[in-house]
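Novice: This is the structure I have questions about; it appears just below.
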Amino acid sequence: EAAKLTVEFSNKLNDASNEPLFFSKEELEGLSEDDLKKASELAEKEGKSGQYMLYLENTTQQPVLASLKNRDTRKAIFEASINRCRKGNDNDTRKIIKRIAEIRAEKAEILGYKNFAEWNLTDALAKKPENAINLLTRLADLAKTKIESDQKEIEDYAKEIEGKDFKLEAWDWNYYAEQLRKEKYGVDEATLNQYFVMDSVLINGVFYAANKMYGLTFTPNTKVSVYHKDVTAWDVMDKDGTVIALFYFDPYSRPSKSGGAWMSNFVEQSFLLNQKPVIYNVCNNPKPATGKPALISWDNVETMFHEFGHALHGIFANQKYPYVSGTNVPRDFVEMPSQFNEHCATDPDVFAHYARHYETGEVMPKELQEKMAKAHSFNQAYPLAENVAASLLDLAWHTLSLDEVKAISDIDAFQQAALEKYGVNYAAIPPRYGTTYFRHIWTNGYASGYYAYLWTEALCHEIYEAMVKSGGLTAANGQRFRDMILSRGNSTELMPLFTAFTGHEEVDIAPLLKARGLIN
């Protein structure tokens with residue numbers, strides 16, 4: 001029954017998200033010509049010639065809201081998003097959600113646990129839902145002052161434009177934040193991209209950092225087959241020259257390819273099976289015109305370092321059994337090595353090695369580096385707040401007993417009460433996902449585990465801070481990280497490894513808040 005219901009939920013959510021939204025060109029002022037052209041073509045296909053059509057993305061906030069000048073349009077799109085699957089029509093998911101929650105609570109009860117989260121987190125680092133909730137509420141409390149000051153700054157900025165009576169609403173935040181970001185920092189993405197040539201990022205950045213910290217070297221392997229002409233293969237050699245892994249890199253977007261970026265194994269490391277790891281990273285960088293360099297954005301630079309952090313976790317696998325090898329670890333640990341490796345992208349030595357102008361070869365000027373860093377840390381309270389709220393909403397659902405789930409008569413009221421209970425009911429910052437369209441927890445395996453993104457981020461920043469205190473991204477620290485954490489897979493309890501590395505039994509969230517620019 002649960003399997004059937006999750007499919008039904010997914011289908012209803014897809015249909016609700018694909019309900020077309022039609023606007024005039026004037027109502028979409030602020031969108032680029034390319035975006036308007038796409039919207040016009042979509043409307044044409046629906047028989048609405050002369051109109052412009054938009055679809056919803058799965059998150060509560062929609063990316064277009066950062067560009068749209070018309071406030072009524074922003075409000076219409078936001079309300080269409082936040083009211084998905086709760087309109088009483090064929091795509092309403094509320095009955096399905098309640099029944100899925102009942103089944104999960106019943107499963108936990110049969111297995112002798114108080115609630116689904118208590119059962120599901122037994123093999124996670126958090127161990128208990130109370131530990132995850134504790135981390136999230138501490139984050140919410142410490143970030144509250146910055147959230148309020150950010151809101152005031154953005155609202156004051158909007159009042160200068162719209163008048164003193166203007167009140168910042170949820171559909172306004174991203175638009176005025178983006179205008180303020182441009183005014184304060186004036187960072188032009190096209191200018192930044194000229195310093196990020198993809199091949200240099202890979203060889204002089206990602207590989208260079210891996211050599212600096214772990215002594216690895218990478219040699220092109222042209223003898224093995226590849227599944228697409230754009231894919232390259234590399235032998236990964238340890239300090240002693242031994243080939244310990246094969247690494248494939250698939251860099252560009254193409255019509256037949258899924259979006260996003262990821263790491264996986266073609267072959268899992270295993271001493272039992274006498275297998276060395278064969279690992280691939282997939283990205284979706286824009287492919288350049290013939291003869292032109294591949295210039296990528298800073299976000300894509302971070303993504304390359306991130307995915308290679310997963311690759312290192314697999315490369316250093318050192319287990320007998322493939323089931324516990326490499327990245328086969330709990331969800332609230334698997335993102336830690338990848339998030340940690342993002343720190344290599346901003347290490348001054350590494351950055352200067354790859355961030356060079358594609359024509360002159362000059363290192364990015366210090367002034368531009370500082371502007372980029374400030375623009376990147378601007379408005380970070382918002383994504384933290386919406387993520388914390390969604391994570392706590394997930395845990396609110398999955399810490400209910402079977403009787404408590406059955407007693408719920410109004411799902412919308414339950415969501416509101418849960419957000420108020422945890423002090424994350426911000427009118428201008430809704431949860432990243434609402435209950436009725438929270439795909440991660442109802443169909444994608446994140447039930448009671450959405451907190452993992454923030455948990456692993458806190459782990460990675462604390463490990464990085466411990467390294468900084470003992471010399472930074474050095475070979476000695478890299479070897480210690482490899483020996484104590486990256487090579488262990490899921491062969492032992494993982495929180496004791498974290499404790500041994502940092503000296504802390506409880507996760508310290510201050511480094512995360514510092515990294516996001518929320519505290520000094």
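By order of appearance in the structure tokens: chains A, B, ..., then residues from 1 within every chain, and ligands from 1 in the order shown.
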Could you pull out the alpha helix (DSSP H) residues of segment 316-502 of chain A from DSSP and send them as a CSV table (one decimal) with N, CA, C and O atoms, in the first residue's frame?
Specialist:
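As a result, states.csv now contains:
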chain,number,residue,atom,x,y,z
A,331,ARG,N,23.1,8.5,5.3
A,331,ARG,CA,22.7,9.7,4.6
A,331,ARG,C,23.3,11.0,5.3
A,331,ARG,O,23.7,12.0,4.6
A,332,ASP,N,23.3,11.0,6.6
A,332,ASP,CA,23.8,12.2,7.3
A,332,ASP,C,25.3,12.2,7.5
A,332,ASP,O,25.8,12.9,8.4
A,333,PHE,N,26.0,11.4,6.7
A,333,PHE,CA,27.5,11.5,6.6
A,333,PHE,C,28.0,11.6,5.2
A,333,PHE,O,29.0,12.2,4.9
A,334,VAL,N,27.2,11.0,4.2
A,334,VAL,CA,27.8,10.9,2.9
A,334,VAL,C,28.1,12.2,2.2
A,334,VAL,O,29.0,12.3,1.4
A,336,MET,N,29.4,14.8,3.7
A,336,MET,CA,30.4,15.5,4.4
A,336,MET,C,31.7,15.6,3.6
A,336,MET,O,32.3,16.7,3.5
A,337,PRO,N,32.3,14.5,3.1
A,337,PRO,CA,33.5,14.6,2.3
A,337,PRO,C,33.4,15.6,1.1
A,337,PRO,O,34.3,16.3,0.8
A,338,SER,N,32.2,15.6,0.5
A,338,SER,CA,32.1,16.4,-0.7
A,338,SER,C,32.0,17.9,-0.3
A,338,SER,O,32.5,18.8,-1.0
A,339,GLN,N,31.2,18.2,0.8
A,339,GLN,CA,31.1,19.5,1.2
A,339,GLN,C,32.5,20.0,1.8
A,339,GLN,O,32.8,21.2,1.5
A,340,PHE,N,33.2,19.1,2.4
A,340,PHE,CA,34.5,19.5,2.9
A,340,PHE,C,35.4,19.9,1.7
A,340,PHE,O,36.2,20.9,1.7
A,341,ASN,N,35.4,19.1,0.6
A,341,ASN,CA,36.3,19.4,-0.5
A,341,ASN,C,36.0,20.7,-1.2
A,341,ASN,O,36.9,21.3,-1.9
A,342,GLU,N,34.8,21.3,-1.0
A,342,GLU,CA,34.5,22.7,-1.5
A,342,GLU,C,35.5,23.7,-0.9
A,342,GLU,O,35.7,24.7,-1.5
A,343,HIS,N,36.0,23.4,0.3
A,343,HIS,CA,36.9,24.4,0.9
A,343,HIS,C,38.2,24.5,0.1
A,343,HIS,O,38.8,25.5,0.1
A,344,CYS,N,38.5,23.4,-0.6
A,344,CYS,CA,39.8,23.5,-1.4
A,344,CYS,C,39.6,24.5,-2.5
A,344,CYS,O,40.6,25.1,-3.0
A,345,ALA,N,38.4,24.8,-3.0
A,345,ALA,CA,38.2,25.7,-4.1
A,345,ALA,C,38.6,27.1,-3.7
A,345,ALA,O,39.0,27.9,-4.6
A,346,THR,N,38.4,27.5,-2.4
A,346,THR,CA,38.7,28.8,-2.0
A,346,THR,C,40.1,28.9,-1.2
A,346,THR,O,40.4,30.0,-0.8
A,348,PRO,N,43.6,29.8,-0.7
A,348,PRO,CA,44.4,30.8,-1.5
A,348,PRO,C,45.4,30.2,-2.5
A,348,PRO,O,45.5,30.6,-3.6
A,349,ASP,N,46.1,29.2,-2.1
A,349,ASP,CA,47.1,28.6,-2.9
A,349,ASP,C,46.4,27.9,-4.1
A,349,ASP,O,46.9,28.0,-5.3
A,350,VAL,N,45.4,27.1,-3.8
A,350,VAL,CA,44.7,26.4,-4.9
A,350,VAL,C,44.0,27.3,-5.8
A,350,VAL,O,44.1,27.2,-7.1
A,351,PHE,N,43.3,28.3,-5.3
A,351,PHE,CA,42.6,29.3,-6.1
A,351,PHE,C,43.5,30.0,-7.1
A,351,PHE,O,43.2,30.1,-8.2
A,352,ALA,N,44.7,30.5,-6.6
A,352,ALA,CA,45.6,31.2,-7.4
A,352,ALA,C,46.2,30.2,-8.5
A,352,ALA,O,46.6,30.7,-9.6
A,353,HIS,N,46.1,28.9,-8.3
A,353,HIS,CA,46.7,28.0,-9.2
A,353,HIS,C,45.7,27.8,-10.4
A,353,HIS,O,46.2,27.5,-11.5
A,354,TYR,N,44.4,27.9,-10.2
A,354,TYR,CA,43.5,27.6,-11.3
A,354,TYR,C,42.7,28.8,-11.8
A,354,TYR,O,42.2,28.9,-12.9
A,366,LYS,N,42.7,40.7,-6.6
A,366,LYS,CA,42.2,40.5,-5.2
A,366,LYS,C,40.9,41.2,-4.9
A,366,LYS,O,40.0,40.7,-4.3
A,367,GLU,N,40.7,42.4,-5.5
A,367,GLU,CA,39.5,43.2,-5.4
A,367,GLU,C,38.3,42.4,-5.9
A,367,GLU,O,37.2,42.4,-5.3
A,368,LEU,N,38.5,41.8,-7.0
A,368,LEU,CA,37.4,41.0,-7.6
A,368,LEU,C,37.1,39.7,-6.8
A,368,LEU,O,35.9,39.3,-6.6
A,369,GLN,N,38.2,39.1,-6.2
A,369,GLN,CA,38.0,38.0,-5.3
A,369,GLN,C,37.1,38.3,-4.1
A,369,GLN,O,36.2,37.6,-3.7
A,370,GLU,N,37.4,39.5,-3.5
A,370,GLU,CA,36.7,40.0,-2.3
A,370,GLU,C,35.3,40.2,-2.7
A,370,GLU,O,34.4,39.9,-1.9
A,371,LYS,N,35.0,40.9,-3.8
A,371,LYS,CA,33.6,41.2,-4.2
A,371,LYS,C,32.9,39.8,-4.4
A,371,LYS,O,31.7,39.7,-4.0
A,372,MET,N,33.5,38.9,-5.0
A,372,MET,CA,32.9,37.6,-5.3
A,372,MET,C,32.5,36.9,-3.9
A,372,MET,O,31.4,36.4,-3.8
A,373,ALA,N,33.4,36.9,-3.0
A,373,ALA,CA,33.2,36.3,-1.7
A,373,ALA,C,32.1,37.0,-0.9
A,373,ALA,O,31.2,36.3,-0.4
A,374,LYS,N,32.0,38.3,-1.0
A,374,LYS,CA,31.0,39.1,-0.3
A,374,LYS,C,29.6,38.8,-0.9
A,374,LYS,O,28.6,38.6,-0.2
A,375,ALA,N,29.6,38.8,-2.2
A,375,ALA,CA,28.3,38.6,-2.9
A,375,ALA,C,27.8,37.1,-2.6
A,375,ALA,O,26.6,36.9,-2.5
A,376,HIS,N,28.8,36.2,-2.5
A,376,HIS,CA,28.4,34.8,-2.3
A,376,HIS,C,27.8,34.6,-0.9
A,376,HIS,O,26.9,33.8,-0.7
A,377,SER,N,28.3,35.4,0.1
A,377,SER,CA,27.8,35.3,1.5
A,377,SER,C,26.6,36.1,1.8
A,377,SER,O,26.0,36.0,2.9
A,381,ALA,N,21.1,34.0,5.3
A,381,ALA,CA,20.2,33.6,6.4
A,381,ALA,C,18.9,33.0,5.8
A,381,ALA,O,18.3,32.1,6.4
A,382,TYR,N,18.6,33.5,4.6
A,382,TYR,CA,17.3,33.0,3.9
A,382,TYR,C,17.4,31.5,3.6
A,382,TYR,O,16.5,30.8,4.1
A,383,PRO,N,18.4,31.1,2.8
A,383,PRO,CA,18.4,29.6,2.5
A,383,PRO,C,18.5,28.7,3.7
A,383,PRO,O,18.0,27.6,3.8
A,384,LEU,N,19.2,29.2,4.8
A,384,LEU,CA,19.4,28.5,6.0
A,384,LEU,C,18.0,28.3,6.7
A,384,LEU,O,17.6,27.3,7.1
A,385,ALA,N,17.3,29.4,6.8
A,385,ALA,CA,16.0,29.4,7.5
A,385,ALA,C,15.0,28.5,6.8
A,385,ALA,O,14.3,27.8,7.4
A,386,GLU,N,14.9,28.6,5.4
A,386,GLU,CA,13.9,27.8,4.7
A,386,GLU,C,14.3,26.3,4.8
A,386,GLU,O,13.4,25.4,4.9
A,387,ASN,N,15.6,26.0,4.9
A,387,ASN,CA,16.1,24.6,5.0
A,387,ASN,C,15.8,24.1,6.4
A,387,ASN,O,15.3,22.9,6.5
A,388,VAL,N,16.1,24.8,7.4
A,388,VAL,CA,15.8,24.4,8.8
A,388,VAL,C,14.3,24.2,9.0
A,388,VAL,O,13.9,23.2,9.6
A,389,ALA,N,13.5,25.1,8.4
A,389,ALA,CA,12.0,24.9,8.6
A,389,ALA,C,11.5,23.6,7.9
A,389,ALA,O,10.7,22.9,8.5
A,390,ALA,N,12.0,23.3,6.7
A,390,ALA,CA,11.6,22.1,6.0
A,390,ALA,C,12.1,20.9,6.8
A,390,ALA,O,11.4,19.9,6.9
A,391,SER,N,13.3,20.9,7.3
A,391,SER,CA,13.9,19.8,8.1
A,391,SER,C,13.1,19.5,9.3
A,391,SER,O,12.8,18.3,9.7
A,392,LEU,N,12.7,20.5,10.0
A,392,LEU,CA,11.9,20.4,11.2
A,392,LEU,C,10.5,19.9,10.9
A,392,LEU,O,9.9,19.1,11.7
A,393,LEU,N,9.9,20.3,9.8
A,393,LEU,CA,8.6,19.9,9.4
A,393,LEU,C,8.6,18.4,9.1
A,393,LEU,O,7.7,17.6,9.5
A,394,ASP,N,9.7,17.9,8.4
A,394,ASP,CA,9.9,16.5,8.1
A,394,ASP,C,9.9,15.7,9.5
A,394,ASP,O,9.2,14.7,9.6
A,395,LEU,N,10.7,16.2,10.4
A,395,LEU,CA,10.8,15.5,11.7
A,395,LEU,C,9.5,15.6,12.5
A,395,LEU,O,9.1,14.6,13.3
A,396,ALA,N,8.8,16.7,12.4
A,396,ALA,CA,7.5,16.8,13.1
A,396,ALA,C,6.5,15.7,12.6
A,396,ALA,O,5.8,15.1,13.4
A,397,TRP,N,6.5,15.4,11.3
A,397,TRP,CA,5.6,14.3,10.8
A,397,TRP,C,6.1,13.0,11.3
A,397,TRP,O,5.3,12.1,11.6
A,398,HIS,N,7.4,12.7,11.3
A,398,HIS,CA,7.9,11.4,11.5
A,398,HIS,C,8.2,11.1,12.9
A,398,HIS,O,8.8,10.0,13.2
A,402,LEU,N,1.4,6.4,16.0
A,402,LEU,CA,0.3,6.0,15.2
A,402,LEU,C,-1.0,6.7,15.6
A,402,LEU,O,-1.7,7.2,14.8
A,403,ASP,N,-1.2,6.7,16.9
A,403,ASP,CA,-2.4,7.4,17.4
A,403,ASP,C,-2.4,8.9,17.1
A,403,ASP,O,-3.5,9.5,16.8
A,404,GLU,N,-1.2,9.5,17.2
A,404,GLU,CA,-1.1,10.9,17.0
A,404,GLU,C,-1.4,11.3,15.5
A,404,GLU,O,-2.0,12.3,15.1
A,405,VAL,N,-0.9,10.4,14.6
A,405,VAL,CA,-1.1,10.6,13.2
A,405,VAL,C,-2.6,10.5,12.9
A,405,VAL,O,-3.2,11.3,12.2
A,406,LYS,N,-3.3,9.5,13.4
A,406,LYS,CA,-4.7,9.2,13.2
A,406,LYS,C,-5.5,10.4,13.7
A,406,LYS,O,-6.6,10.7,13.2
A,407,ALA,N,-5.0,11.1,14.7
A,407,ALA,CA,-5.8,12.2,15.3
A,407,ALA,C,-5.8,13.5,14.5
A,407,ALA,O,-6.6,14.4,14.8
A,411,ILE,N,-4.3,18.9,7.9
A,411,ILE,CA,-2.9,18.8,7.6
A,411,ILE,C,-2.2,20.2,7.5
A,411,ILE,O,-1.1,20.4,8.0
A,412,ASP,N,-3.0,21.2,7.0
A,412,ASP,CA,-2.4,22.5,6.9
A,412,ASP,C,-2.2,23.1,8.3
A,412,ASP,O,-1.2,23.8,8.6
A,413,ALA,N,-3.2,22.8,9.2
A,413,ALA,CA,-3.1,23.3,10.6
A,413,ALA,C,-1.9,22.6,11.3
A,413,ALA,O,-1.2,23.3,12.1
A,414,PHE,N,-1.7,21.3,11.0
A,414,PHE,CA,-0.6,20.6,11.6
A,414,PHE,C,0.7,21.3,11.2
A,414,PHE,O,1.6,21.5,12.1
A,415,GLN,N,0.9,21.6,10.0
A,415,GLN,CA,2.1,22.2,9.5
A,415,GLN,C,2.4,23.5,10.2
A,415,GLN,O,3.5,23.8,10.7
A,416,GLN,N,1.3,24.3,10.3
A,416,GLN,CA,1.4,25.7,10.9
A,416,GLN,C,1.8,25.5,12.4
A,416,GLN,O,2.7,26.2,12.9
A,417,ALA,N,1.2,24.6,13.1
A,417,ALA,CA,1.5,24.3,14.5
A,417,ALA,C,2.9,23.8,14.7
A,417,ALA,O,3.6,24.2,15.6
A,418,ALA,N,3.4,23.0,13.8
A,418,ALA,CA,4.8,22.5,13.9
A,418,ALA,C,5.8,23.6,13.7
A,418,ALA,O,6.8,23.6,14.5
A,419,LEU,N,5.6,24.5,12.8
A,419,LEU,CA,6.5,25.6,12.5
A,419,LEU,C,6.5,26.5,13.7
A,419,LEU,O,7.6,27.0,14.1
A,420,GLU,N,5.4,26.8,14.3
A,420,GLU,CA,5.3,27.6,15.5
A,420,GLU,C,5.9,27.0,16.7
A,420,GLU,O,6.6,27.6,17.5
A,421,LYS,N,5.8,25.7,16.8
A,421,LYS,CA,6.3,24.9,18.0
A,421,LYS,C,7.9,25.1,18.0
A,421,LYS,O,8.5,25.3,19.0
A,439,ARG,N,8.4,16.3,-1.9
A,439,ARG,CA,8.7,15.1,-2.6
A,439,ARG,C,9.8,14.3,-1.9
A,439,ARG,O,9.8,13.1,-1.8
A,440,HIS,N,10.8,15.0,-1.3
A,440,HIS,CA,11.9,14.3,-0.7
A,440,HIS,C,11.4,13.3,0.4
A,440,HIS,O,12.0,12.2,0.5
A,441,ILE,N,10.5,13.7,1.2
A,441,ILE,CA,10.1,12.9,2.3
A,441,ILE,C,9.0,11.9,2.0
A,441,ILE,O,8.8,10.9,2.7
A,442,TRP,N,8.2,12.2,1.0
A,442,TRP,CA,7.0,11.3,0.8
A,442,TRP,C,7.4,10.2,-0.3
A,442,TRP,O,6.7,9.2,-0.4
A,452,ALA,N,19.7,15.9,7.1
A,452,ALA,CA,21.1,15.4,6.8
A,452,ALA,C,21.9,16.4,6.0
A,452,ALA,O,23.1,16.5,6.2
A,453,TYR,N,21.3,17.2,5.2
A,453,TYR,CA,22.1,18.3,4.5
A,453,TYR,C,22.8,19.2,5.4
A,453,TYR,O,23.9,19.5,5.3
A,454,LEU,N,22.0,19.7,6.4
A,454,LEU,CA,22.6,20.6,7.4
A,454,LEU,C,23.5,19.9,8.4
A,454,LEU,O,24.5,20.5,8.8
A,455,TRP,N,23.2,18.7,8.7
A,455,TRP,CA,24.0,17.9,9.7
A,455,TRP,C,25.4,17.7,9.0
A,455,TRP,O,26.5,18.0,9.7
A,456,THR,N,25.5,17.3,7.8
A,456,THR,CA,26.8,17.0,7.2
A,456,THR,C,27.5,18.3,6.9
A,456,THR,O,28.7,18.4,6.9
A,457,GLU,N,26.8,19.4,6.6
A,457,GLU,CA,27.4,20.7,6.4
A,457,GLU,C,28.1,21.2,7.7
A,457,GLU,O,29.2,21.7,7.7
A,458,ALA,N,27.4,20.9,8.8
A,458,ALA,CA,28.0,21.3,10.1
A,458,ALA,C,29.3,20.4,10.4
A,458,ALA,O,30.3,20.9,10.9
A,459,LEU,N,29.2,19.1,10.1
A,459,LEU,CA,30.4,18.3,10.2
A,459,LEU,C,31.6,18.8,9.4
A,459,LEU,O,32.7,18.8,9.9
A,460,CYS,N,31.3,19.1,8.1
A,460,CYS,CA,32.4,19.4,7.2
A,460,CYS,C,33.1,20.7,7.7
A,460,CYS,O,34.3,20.8,7.6
A,461,HIS,N,32.3,21.7,8.1
A,461,HIS,CA,32.9,23.0,8.5
A,461,HIS,C,33.7,22.8,9.8
A,461,HIS,O,34.7,23.5,10.0
A,462,GLU,N,33.2,21.9,10.7
A,462,GLU,CA,34.0,21.7,11.9
A,462,GLU,C,35.3,21.0,11.7
A,462,GLU,O,36.3,21.3,12.3
A,463,ILE,N,35.3,20.0,10.8
A,463,ILE,CA,36.5,19.3,10.4
A,463,ILE,C,37.5,20.3,9.7
A,463,ILE,O,38.7,20.3,10.0
A,464,TYR,N,36.9,21.2,8.9
A,464,TYR,CA,37.8,22.2,8.2
A,464,TYR,C,38.4,23.1,9.2
A,464,TYR,O,39.6,23.4,9.2
A,465,GLU,N,37.6,23.6,10.2
A,465,GLU,CA,38.1,24.5,11.2
A,465,GLU,C,39.2,23.8,12.1
A,465,GLU,O,40.2,24.4,12.4
A,466,ALA,N,39.0,22.5,12.3
A,466,ALA,CA,40.1,21.7,13.1
A,466,ALA,C,41.4,21.7,12.3
A,466,ALA,O,42.5,21.8,12.8
A,467,MET,N,41.2,21.5,10.9
A,467,MET,CA,42.4,21.5,10.1
A,467,MET,C,43.1,22.9,10.1
A,467,MET,O,44.3,23.0,10.1
A,468,VAL,N,42.3,23.9,10.0
A,468,VAL,CA,42.9,25.3,10.0
A,468,VAL,C,43.7,25.5,11.2
A,468,VAL,O,44.8,26.1,11.2
A,469,LYS,N,43.2,25.1,12.4
A,469,LYS,CA,43.9,25.3,13.6
A,469,LYS,C,45.2,24.5,13.7
A,469,LYS,O,46.1,24.8,14.5
A,475,ALA,N,49.6,18.4,3.7
A,475,ALA,CA,49.7,16.9,3.4
A,475,ALA,C,49.5,16.1,4.7
A,475,ALA,O,48.9,15.1,4.7
A,476,ALA,N,50.0,16.6,5.8
A,476,ALA,CA,49.9,15.9,7.1
A,476,ALA,C,48.4,15.8,7.5
A,476,ALA,O,47.9,14.8,7.9
A,477,ASN,N,47.7,17.0,7.3
A,477,ASN,CA,46.2,16.9,7.7
A,477,ASN,C,45.5,16.1,6.7
A,477,ASN,O,44.5,15.4,7.0
A,478,GLY,N,45.9,16.1,5.4
A,478,GLY,CA,45.2,15.3,4.4
A,478,GLY,C,45.4,13.8,4.7
A,478,GLY,O,44.4,13.1,4.6
A,479,GLN,N,46.6,13.4,5.1
A,479,GLN,CA,46.8,12.0,5.4
A,479,GLN,C,46.0,11.6,6.6
A,479,GLN,O,45.4,10.5,6.7
A,480,ARG,N,45.9,12.5,7.6
A,480,ARG,CA,45.1,12.2,8.8
A,480,ARG,C,43.6,12.0,8.4
A,480,ARG,O,42.9,11.1,8.9
A,481,PHE,N,43.1,12.9,7.6
A,481,PHE,CA,41.7,12.9,7.1
A,481,PHE,C,41.5,11.6,6.4
A,481,PHE,O,40.4,10.9,6.5
A,495,MET,N,30.4,8.5,14.1
A,495,MET,CA,30.5,9.6,15.0
A,495,MET,C,31.8,9.6,15.8
A,495,MET,O,32.4,10.6,16.0
A,496,PRO,N,32.2,8.4,16.3
A,496,PRO,CA,33.5,8.3,17.0
A,496,PRO,C,34.7,8.8,16.2
A,496,PRO,O,35.6,9.3,16.7
A,497,LEU,N,34.6,8.5,14.9
A,497,LEU,CA,35.7,9.0,14.0
A,497,LEU,C,35.7,10.5,13.9
A,497,LEU,O,36.8,11.1,14.0
A,498,PHE,N,34.5,11.1,13.8
A,498,PHE,CA,34.4,12.6,13.8
A,498,PHE,C,34.9,13.1,15.2
A,498,PHE,O,35.7,14.1,15.2
A,499,THR,N,34.5,12.5,16.3
A,499,THR,CA,35.0,12.9,17.6
A,499,THR,C,36.5,12.9,17.7
A,499,THR,O,37.1,13.8,18.3
A,500,ALA,N,37.1,11.8,17.3
A,500,ALA,CA,38.5,11.6,17.3
A,500,ALA,C,39.2,12.6,16.5
A,500,ALA,O,40.3,13.1,16.9
A,501,PHE,N,38.6,13.0,15.4
A,501,PHE,CA,39.3,14.0,14.5
A,501,PHE,C,39.2,15.4,15.1
A,501,PHE,O,40.2,16.2,15.0
A,502,THR,N,38.0,15.8,15.6
A,502,THR,CA,37.8,17.1,16.0
A,502,THR,C,38.0,17.4,17.5
A,502,THR,O,38.2,18.5,18.0
Novice: Report as a PyMOL selection string all protein, DNA and RNA residues lying within 8 Å of segment 4-8 of chain A, evaluated on only C-alpha atoms, omitting residues in the same chain fewer than 2 positions from it.
Specialist: chain A and resi 1-2+10-12+96+100+442-443
Novice: Keeping only N, CA, C and O atoms, write the selected residues as an mmCIF file, in the first residue's frame.
Specialist:
data_model
loop_
_atom_site.group_PDB
_atom_site.id
_atom_site.type_symbol
_atom_site.label_atom_id
_atom_site.label_comp_id
_atom_site.auth_asym_id
_atom_site.auth_seq_id
_atom_site.Cartn_x
_atom_site.Cartn_y
_atom_site.Cartn_z
ATOM 1 N N GLU A 1 0.830 -1.209 0.000
ATOM 2 C CA GLU A 1 0.000 0.000 0.000
ATOM 3 C C GLU A 1 0.864 1.259 0.000
ATOM 4 O O GLU A 1 0.596 2.216 -0.721
ATOM 5 N N ALA A 2 1.931 1.243 0.797
ATOM 6 C CA ALA A 2 2.820 2.407 0.847
ATOM 7 C C ALA A 2 3.458 2.661 -0.511
ATOM 8 O O ALA A 2 3.559 3.811 -0.968
ATOM 9 N N SER A 10 3.501 11.062 -6.150
ATOM 10 C CA SER A 10 4.417 11.595 -7.161
ATOM 11 C C SER A 10 3.665 12.036 -8.407
ATOM 12 O O SER A 10 3.922 13.110 -8.966
ATOM 13 N N ASN A 11 2.720 11.233 -8.844
ATOM 14 C CA ASN A 11 1.937 11.574 -10.041
ATOM 15 C C ASN A 11 1.103 12.833 -9.830
ATOM 16 O O ASN A 11 1.027 13.706 -10.703
ATOM 17 N N LYS A 12 0.472 12.931 -8.665
ATOM 18 C CA LYS A 12 -0.341 14.111 -8.379
ATOM 19 C C LYS A 12 0.519 15.371 -8.294
ATOM 20 O O LYS A 12 0.144 16.439 -8.788
ATOM 21 N N ILE A 96 -3.504 11.209 0.927
ATOM 22 C CA ILE A 96 -2.409 10.269 0.679
ATOM 23 C C ILE A 96 -1.309 10.453 1.727
ATOM 24 O O ILE A 96 -0.786 9.484 2.283
ATOM 25 N N ILE A 100 0.179 7.652 4.279
ATOM 26 C CA ILE A 100 1.590 7.254 4.272
ATOM 27 C C ILE A 100 2.183 7.414 5.673
ATOM 28 O O ILE A 100 2.910 6.541 6.171
ATOM 29 N N TRP A 442 8.163 12.174 1.020
ATOM 30 C CA TRP A 442 7.045 11.271 0.750
ATOM 31 C C TRP A 442 7.368 10.249 -0.335
ATOM 32 O O TRP A 442 6.728 9.200 -0.399
ATOM 33 N N THR A 443 8.376 10.523 -1.185
ATOM 34 C CA THR A 443 8.691 9.550 -2.242
ATOM 35 C C THR A 443 10.183 9.307 -2.455
ATOM 36 O O THR A 443 10.550 8.293 -3.031
#
Novice: What does the distance from atom CA of Gln194 of chain A to atom CA of His357 of chain A come to in Å, to one decimal?
Specialist: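 Distance reported for this atom pair: 5.5 Å.
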Novice: Looking at A:Ala101, A:Cys283, A:Leu273, A:Leu494, which one is nearest to Val231 of chain A, with distances taken over only C-alpha atoms?
Specialist: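 Smallest separation from Val231 of chain A among the options: A:Cys283.
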Novice: What is the atom CA of Ser491 of chain A to atom CA of Gln319 of chain A distance in Å?
Specialist: 7.3 Å
Novice: Atom CA of Thr399 of chain A and atom CA of Glu130 of chain A are how many Å apart?
Specialist: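 Computing the Euclidean distance for atom CA of Thr399 of chain A and atom CA of Glu130 of chain A yields 9.3 Å.
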Novice: Which residue gives the smallest distance to Asn211 of chain A among A:Thr474, A:Lys276, A:Lys45, A:Val224, with only C-alpha atoms counted?
Specialist: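 Smallest separation from Asn211 of chain A among the options: A:Thr474.
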Novice: For a quick check of understanding, using only C-alpha atoms, which of A:Thr222, A:Ala447, A:Tyr195, A:Val243 has the smallest distance to Thr435 of chain A?
Specialist: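 Under the stated criterion, the closest residue is A:Ala447.
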Novice: Which one is closest to Asn115 of chain A: A:Ser258, A:Leu400, A:Phe378, A:Pro63? Count only C-alpha atoms.
Specialist: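 Looking at the shortest contact to Asn115 of chain A, the residue is A:Leu400.
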Novice: Would you please work out which residue, of A:Pro430, A:Gly186, A:Pro511, A:Gly309, is nearest to Asn83 of chain A when using only C-alpha atoms?
Specialist: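 Counting only C-alpha atoms, the residue closest to Asn83 of chain A is A:Pro430.
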Novice: I need the residue nearest Ser17 of chain A from this list: A:Val278, A:Thr436, A:Glu118, A:Ile110. Use only C-alpha atoms for the distance.
Specialist: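 Checking each candidate against Ser17 of chain A, we get A:Thr436 as the closest.
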Novice: Please give the complete set of residues from segment 222-434 of chain A that DSSP, run on the backbone, assigns to strand (DSSP E), formatted as a PyMOL selection string.
Specialist: chain A and resi 232-237+243-252+262-267+278-285
Novice: Contacts of segment 160-168 of chain A at 12 Å or less, counting only C-alpha atoms, minus same-chain residues fewer than 3 places along, as a list in words?
Specialist: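 So the residues in contact are Lys69, Arg71, Lys75, Asp150, Gln151, Lys152, Glu153, Ile154, Glu155, Asp156, Tyr157, Trp171, Asp172, Trp173, Asn174, Tyr175, Tyr176, Ala177, Gln179, Leu180, Tyr426, Ala427, Ala428 and Ile429 of chain A.
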